Amino acid sequence: MTRFAALLLSSALSLPAMASDLRATGDLGVIVERATGSVLIVDQSEHAAIGRIEGLGDLSHASLVFSPDERFAYLFGRDGGLTKIDILAQTVVNRVIQGGNSIGGAISDDGRLVAVANYEPGGVKIFDADTLELVADIPAEGKALGLEDAPGRRFVFSVWDTNETRIVDMSGPEPEVTVLPEIGTNPYDALITDDGRTYIAGLFGEDGLSAIDLWEEPPVARRILPGYGRGQVEMPVYKMPHLEGWAKAGEQIVLPAVHHAEVLWVDSRTLEETGRTATHGQPVFAMARPGGRQVWVNFAHPKNDTIQVIDSMSHEITGELKPGPAVLHMEFTSRGTEAWVSVRDDNKVVIYDTTTLQQIGEIAAESPSGIFFTARAHRLGL
Amino acid sequence: MPDPRALFILMCLGAVQISAAAAEGIAPDHAARLERLVTQDCGSCHGLTRKGGLGSPLTTEALDGVDRETLAMITRDGLPGTAMPPWRPLMTEAEAYWISDYLLKDTTQ
């Protein structure tokens, strides 16, 4: 290289990038293409996919979390793969196979640690978010699930086989684990409210849920909604409901029932029931639109072609959508103006205006499942 | 009057033979739908590659020694005490047998 060229190059490097070359990540998102082991990077404003990253393994039930700067996504694959993706450069930064069979993960409140819940071998592994090096291994005697981040550099998870919840405090030099035994039979998933206070585990093996007030010292697990399905015939569950931090709708928490075609409403302070809504089928996700005015619900196979919209004040169904076969997931834009819906068996993501309930966009995607927008980076429990 | 036990066994054998035939007669487009169901919907719990999840692994190694009748029965009636639901309300016997055969055949390679 000539000195002149070198000079040109070095001066080019010191120049700020042109504004037109820059892209912010605030309206980006990642969509899991579960059957092809790939993800789409999407632009919310453009209603368009802007890239695809492949070679990510078995992505059935895959989920992801974002780094605090909304640049990196940590993808948790079924096959134990933990992949760090640069969503701006659209590249895989790092990938480790950290377990045999995994079911989701969480990022610590300070963004420094990424935790993964594993079925096989059971337990939670915690990694450095920068390097993906193992920081802590918390083995369990069963399938770990319902892993959530909690304030104070903590993680909370439950164990299907042993009916316990564990709180892992990572704020000190060594992990400190608190075990809450006998929270209820077969916890299947959990959520933490957006204030980081209440951890609620759904129970597959009994009628009711379990709630832990993390502000209490020491925290205690209490049954809530005991016997909510009493006297009703139990329906077969063709897809497990999911609990997520989207559940807070105003002063209430909305929860999918299991074995029953209902969503359940509880007061977020007293955790007493405030109502029920009979739904189209066994609910999978019950997600409050940001602000909490409505809740959108999708359903288990074979009634999974439908979404119902429920008014959170009256608990009445105010809208119904038929996006197509196998609606797997919904994601709201950060202020709730749009809802993006994955329609697995039509290979598309449909975009709705949440006020008019009219379709306003569509993106092609291979067997799409989870949709994740970067605003999750700034929310607890997502 | 034949021995009722022998009659019962004969009836069972007959049922097995009928069942054996039951998976036949699934047309290719029907089979494609069932294959998709196995991969996508069974895959929710058993994994897309059938290595298991909340549900047991359903790889050919994991199913080694399990016969098609047992598999079809579990598929249709579920496994009480576990998360495996009965698919009977959504599935004919012929479909359950097709799925059994599909799982027992090494299709993941």
# chains A, B, ... in the order shown; residues from 1 in each chain; ligands from 1
>>> closest_atom_pairs(of="chain B", to="chain A", cutoff="12 Å", atoms="only C-alpha atoms", output="tab-separated table")
residue	atom	partner	partner_atom	distance
B:Arg33	CA	A:Asp345	CA	10.6
B:Arg36	CA	A:Asp345	CA	9.2
B:Leu37	CA	A:His301	CA	10.0
B:Thr39	CA	A:Ala35	CA	8.5
B:Gln40	CA	A:Ala35	CA	7.9
B:Asp41	CA	A:His301	CA	7.7
B:Cys42	CA	A:Tyr238	CA	8.6
B:Gly43	CA	A:Ser60	CA	7.0
B:Ser44	CA	A:Ser60	CA	6.5
B:Cys45	CA	A:Lys239	CA	8.0
B:His46	CA	A:Ser60	CA	9.3
B:Gly47	CA	A:Ser60	CA	6.2
B:Leu48	CA	A:Ser60	CA	5.9
B:Thr49	CA	A:Asp58	CA	7.1
B:Arg50	CA	A:Asp58	CA	10.0
B:Lys51	CA	A:Asn101	CA	7.9
B:Gly52	CA	A:Asn101	CA	7.5
B:Gly53	CA	A:Asn101	CA	6.5
B:Leu54	CA	A:Tyr119	CA	7.6
B:Gly55	CA	A:Tyr119	CA	10.3
B:Ser56	CA	A:Tyr119	CA	10.9
B:Pro57	CA	A:Asn101	CA	10.5
B:Thr75	CA	A:Tyr238	CA	11.7
B:Arg76	CA	A:Pro236	CA	11.4
B:Asp77	CA	A:Pro236	CA	10.3
B:Gly78	CA	A:Pro236	CA	9.0
B:Leu79	CA	A:Pro236	CA	11.1
B:Pro80	CA	A:Pro236	CA	10.7
B:Gly81	CA	A:Gly205	CA	7.9
B:Thr82	CA	A:Gly205	CA	8.5
B:Ala83	CA	A:Val237	CA	7.6
B:Met84	CA	A:Val237	CA	8.1
B:Pro85	CA	A:Pro236	CA	5.2
B:Pro86	CA	A:Pro236	CA	6.5
B:Trp87	CA	A:Pro236	CA	8.1
B:Arg88	CA	A:Pro236	CA	10.0
B:Pro89	CA	A:Pro236	CA	9.2
B:Leu90	CA	A:Pro302	CA	8.1
B:Met91	CA	A:Pro302	CA	11.1
>>> residues_around(residues="stretch 98-106 of chain B", least_positions_apart="2", cutoff="9 Å", atoms="only C-alpha atoms", output="VMD selection string")
chain B and resid 22 to 24 26 31 34 to 35 38 58 to 60 63 to 64 66 to 72 75 93 to 96 108 to 109
>>> residues_around(residues="A:Val179", least_positions_apart="2", cutoff="9 Å", atoms="only C-alpha atoms", output="list in words")
Glu164, Thr165, Arg166, Ile167, Val168, Val177 and Pro181 of chain A
>>> atom_distance(atom1="atom CA of A:Pro323", atom2="atom CA of A:Gln44")
18.6 Å
>>> residues_around(residues="A:Lys248", least_positions_apart="3", cutoff="8 Å", atoms="only C-alpha atoms", output="compact mmCIF listing (two decimals) with all heavy atoms, in the first residue's frame")
# COMPACT_ATOMS: atom_id res chain seq x y z
N THR A 193 -43.61 -10.60 37.38
CA THR A 193 -44.29 -9.36 37.00
C THR A 193 -43.27 -8.28 36.67
O THR A 193 -42.12 -8.35 37.11
CB THR A 193 -45.23 -8.89 38.13
OG1 THR A 193 -44.50 -8.88 39.36
CG2 THR A 193 -46.43 -9.81 38.26
N ASP A 194 -43.71 -7.27 35.91
CA ASP A 194 -42.74 -6.30 35.39
C ASP A 194 -42.12 -5.41 36.48
O ASP A 194 -41.15 -4.72 36.22
CB ASP A 194 -43.35 -5.46 34.26
CG ASP A 194 -44.63 -4.75 34.69
OD1 ASP A 194 -45.00 -4.86 35.88
OD2 ASP A 194 -45.24 -4.10 33.84
N GLY A 245 -44.00 -12.31 31.23
CA GLY A 245 -44.10 -11.03 31.93
C GLY A 245 -45.07 -10.04 31.31
O GLY A 245 -45.22 -8.94 31.80
N GLU A 251 -54.23 -3.25 37.08
CA GLU A 251 -54.04 -3.76 38.45
C GLU A 251 -54.21 -5.27 38.53
O GLU A 251 -54.20 -5.84 39.59
CB GLU A 251 -55.05 -3.08 39.40
CG GLU A 251 -54.87 -1.58 39.53
CD GLU A 251 -53.43 -1.23 39.91
OE1 GLU A 251 -52.94 -1.74 40.94
OE2 GLU A 251 -52.79 -0.47 39.16
N GLN A 252 -54.40 -5.89 37.35
CA GLN A 252 -54.66 -7.33 37.36
C GLN A 252 -53.54 -8.09 36.64
O GLN A 252 -52.82 -7.53 35.84
CB GLN A 252 -55.97 -7.64 36.64
CG GLN A 252 -57.18 -6.93 37.21
CD GLN A 252 -58.35 -7.08 36.27
OE1 GLN A 252 -59.12 -8.02 36.40
NE2 GLN A 252 -58.46 -6.21 35.30
N ILE A 253 -53.47 -9.36 36.98
CA ILE A 253 -52.60 -10.27 36.24
C ILE A 253 -53.52 -11.25 35.52
O ILE A 253 -54.49 -11.74 36.12
CB ILE A 253 -51.65 -11.03 37.19
CG1 ILE A 253 -50.74 -10.04 37.93
CG2 ILE A 253 -50.83 -12.06 36.44
CD1 ILE A 253 -49.93 -10.65 39.05
N VAL A 254 -53.24 -11.48 34.24
CA VAL A 254 -54.08 -12.41 33.49
C VAL A 254 -53.28 -13.69 33.24
O VAL A 254 -52.10 -13.64 32.91
CB VAL A 254 -54.59 -11.75 32.18
CG1 VAL A 254 -53.43 -11.33 31.28
CG2 VAL A 254 -55.53 -12.67 31.44
N SER A 268 -53.36 -7.97 41.30
CA SER A 268 -51.90 -8.11 41.37
C SER A 268 -51.37 -7.93 42.79
O SER A 268 -50.26 -8.36 43.08
CB SER A 268 -51.22 -7.15 40.40
OG SER A 268 -51.46 -5.82 40.78
N ALA A 288 -50.93 -9.08 27.63
CA ALA A 288 -51.51 -7.75 27.74
C ALA A 288 -50.83 -6.82 26.75
O ALA A 288 -49.60 -6.78 26.66
CB ALA A 288 -51.35 -7.23 29.16
N GLY A 292 -51.96 -2.33 29.00
CA GLY A 292 -52.84 -3.26 29.69
C GLY A 292 -54.33 -3.16 29.39
O GLY A 292 -55.13 -3.82 30.01
>>> closest_residue(among="A:Asp195, A:Asp305, A:Glu70, A:Glu182", to="A:Ala377", atoms="only C-alpha atoms")
A:Glu70
>>> atom_distance(atom1="atom CA of A:Gly104", atom2="atom CA of A:Leu75")
8.5 Å
>>> closest_residue(among="A:Gly291, A:Gly81, A:Pro187, A:Pro226", to="A:Ile97", atoms="only C-alpha atoms")
A:Gly81
>>> atom_distance(atom1="atom CA of A:Asp86", atom2="atom CA of A:Gly51")
11.6 Å
>>> residues_around(residues="A:Val32", least_positions_apart="4", cutoff="9 Å", atoms="only C-alpha atoms", output="compact mmCIF listing (two decimals) with N, CA, C and O atoms, in the first residue's frame")
# COMPACT_ATOMS: atom_id res chain seq x y z
N GLY A 37 -34.02 -23.98 11.66
CA GLY A 37 -32.85 -23.60 12.45
C GLY A 37 -32.31 -22.24 12.09
O GLY A 37 -31.10 -22.00 12.10
N SER A 38 -33.22 -21.33 11.73
CA SER A 38 -32.79 -20.00 11.34
C SER A 38 -33.61 -18.93 12.06
O SER A 38 -34.65 -19.24 12.66
N VAL A 39 -33.12 -17.70 12.01
CA VAL A 39 -33.90 -16.58 12.51
C VAL A 39 -33.93 -15.48 11.45
O VAL A 39 -33.00 -15.34 10.66
N LEU A 40 -35.03 -14.73 11.46
CA LEU A 40 -35.13 -13.54 10.61
C LEU A 40 -34.85 -12.32 11.48
O LEU A 40 -35.33 -12.24 12.61
N LEU A 59 -34.58 -25.44 16.78
CA LEU A 59 -35.17 -24.24 17.38
C LEU A 59 -36.63 -24.45 17.79
O LEU A 59 -37.37 -23.48 17.92
N SER A 60 -37.05 -25.71 18.00
CA SER A 60 -38.39 -25.88 18.54
C SER A 60 -38.38 -25.30 19.95
O SER A 60 -37.44 -25.51 20.71
N ALA A 62 -37.69 -22.41 20.79
CA ALA A 62 -36.55 -21.51 21.03
C ALA A 62 -37.05 -20.14 21.49
O ALA A 62 -38.12 -19.70 21.11
N SER A 63 -36.26 -19.50 22.32
CA SER A 63 -36.58 -18.13 22.73
C SER A 63 -35.27 -17.37 22.82
O SER A 63 -34.19 -17.93 22.68
N LEU A 64 -35.38 -16.06 23.03
CA LEU A 64 -34.15 -15.27 23.12
C LEU A 64 -34.35 -14.05 24.00
O LEU A 64 -35.48 -13.65 24.30
N ALA A 365 -42.09 -15.99 6.32
CA ALA A 365 -41.13 -16.59 7.25
C ALA A 365 -41.36 -18.10 7.22
O ALA A 365 -42.49 -18.56 7.07
N GLU A 366 -40.28 -18.88 7.39
CA GLU A 366 -40.39 -20.35 7.38
C GLU A 366 -40.85 -20.85 8.75
O GLU A 366 -40.13 -20.68 9.74
N SER A 367 -42.02 -21.45 8.84
CA SER A 367 -42.53 -21.99 10.11
C SER A 367 -42.19 -21.09 11.30
O SER A 367 -41.49 -21.51 12.22
N PRO A 368 -42.68 -19.85 11.29
CA PRO A 368 -42.27 -18.92 12.36
C PRO A 368 -42.88 -19.31 13.70
O PRO A 368 -44.00 -19.79 13.76
N SER A 369 -42.10 -19.12 14.76
CA SER A 369 -42.65 -19.29 16.11
C SER A 369 -42.45 -17.99 16.88
O SER A 369 -43.17 -17.02 16.64
N GLY A 370 -41.48 -17.93 17.79
CA GLY A 370 -41.35 -16.75 18.65
C GLY A 370 -40.96 -15.49 17.90
O GLY A 370 -40.12 -15.52 16.99
N ILE A 371 -41.60 -14.38 18.28
CA ILE A 371 -41.26 -13.05 17.75
C ILE A 371 -40.75 -12.22 18.93
O ILE A 371 -41.42 -12.15 19.97
N PHE A 372 -39.59 -11.60 18.76
CA PHE A 372 -38.99 -10.88 19.89
C PHE A 372 -38.52 -9.50 19.43
O PHE A 372 -37.67 -9.41 18.54
>>> select_by_dssp(residues="stretch 109-352 of chain A", states="strand (DSSP E or B)", output="number ranges by chain")
A: 113-120, 123-128, 134-139, 144-150, 154-159, 164-169, 176-180, 187-192, 198-203, 209-213, 221-224, 248-249, 252-256, 262-267, 273-278, 283-288, 294-299, 307-311, 317-321, 327-332, 338-343, 348-352
>>> residues_around(residues="A:His242", least_positions_apart="6", cutoff="7 Å", atoms="only C-alpha atoms", output="number ranges by chain")
A: 189, 284-285
>>> write_last_selection(atoms="all heavy atoms", output="PDB file, in the first residue's frame")
ATOM      1  N   ASP A 189     -44.296 -23.731  33.831  1.00  0.00           N
ATOM      2  CA  ASP A 189     -43.712 -22.484  33.321  1.00  0.00           C
ATOM      3  C   ASP A 189     -43.957 -21.437  34.391  1.00  0.00           C
ATOM      4  O   ASP A 189     -44.703 -21.682  35.354  1.00  0.00           O
ATOM      5  CB  ASP A 189     -44.378 -22.065  31.992  1.00  0.00           C
ATOM      6  CG  ASP A 189     -43.565 -21.008  31.242  1.00  0.00           C
ATOM      7  OD1 ASP A 189     -42.423 -20.736  31.652  1.00  0.00           O
ATOM      8  OD2 ASP A 189     -44.067 -20.461  30.242  1.00  0.00           O
ATOM      9  N   VAL A 284     -52.865 -20.494  25.193  1.00  0.00           N
ATOM     10  CA  VAL A 284     -51.419 -20.722  25.271  1.00  0.00           C
ATOM     11  C   VAL A 284     -50.743 -19.462  25.824  1.00  0.00           C
ATOM     12  O   VAL A 284     -50.169 -19.476  26.891  1.00  0.00           O
ATOM     13  CB  VAL A 284     -50.827 -21.125  23.909  1.00  0.00           C
ATOM     14  CG1 VAL A 284     -49.312 -21.252  24.008  1.00  0.00           C
ATOM     15  CG2 VAL A 284     -51.416 -22.454  23.463  1.00  0.00           C
ATOM     16  N   PHE A 285     -50.857 -18.352  25.082  1.00  0.00           N
ATOM     17  CA  PHE A 285     -50.356 -17.073  25.585  1.00  0.00           C
ATOM     18  C   PHE A 285     -51.530 -16.160  25.889  1.00  0.00           C
ATOM     19  O   PHE A 285     -52.470 -16.056  25.089  1.00  0.00           O
ATOM     20  CB  PHE A 285     -49.489 -16.367  24.535  1.00  0.00           C
ATOM     21  CG  PHE A 285     -48.110 -16.948  24.370  1.00  0.00           C
ATOM     22  CD1 PHE A 285     -47.838 -17.827  23.333  1.00  0.00           C
ATOM     23  CD2 PHE A 285     -47.087 -16.601  25.234  1.00  0.00           C
ATOM     24  CE1 PHE A 285     -46.569 -18.354  23.171  1.00  0.00           C
ATOM     25  CE2 PHE A 285     -45.813 -17.134  25.079  1.00  0.00           C
ATOM     26  CZ  PHE A 285     -45.552 -18.001  24.045  1.00  0.00           C
TER      27      PHE A 285
END
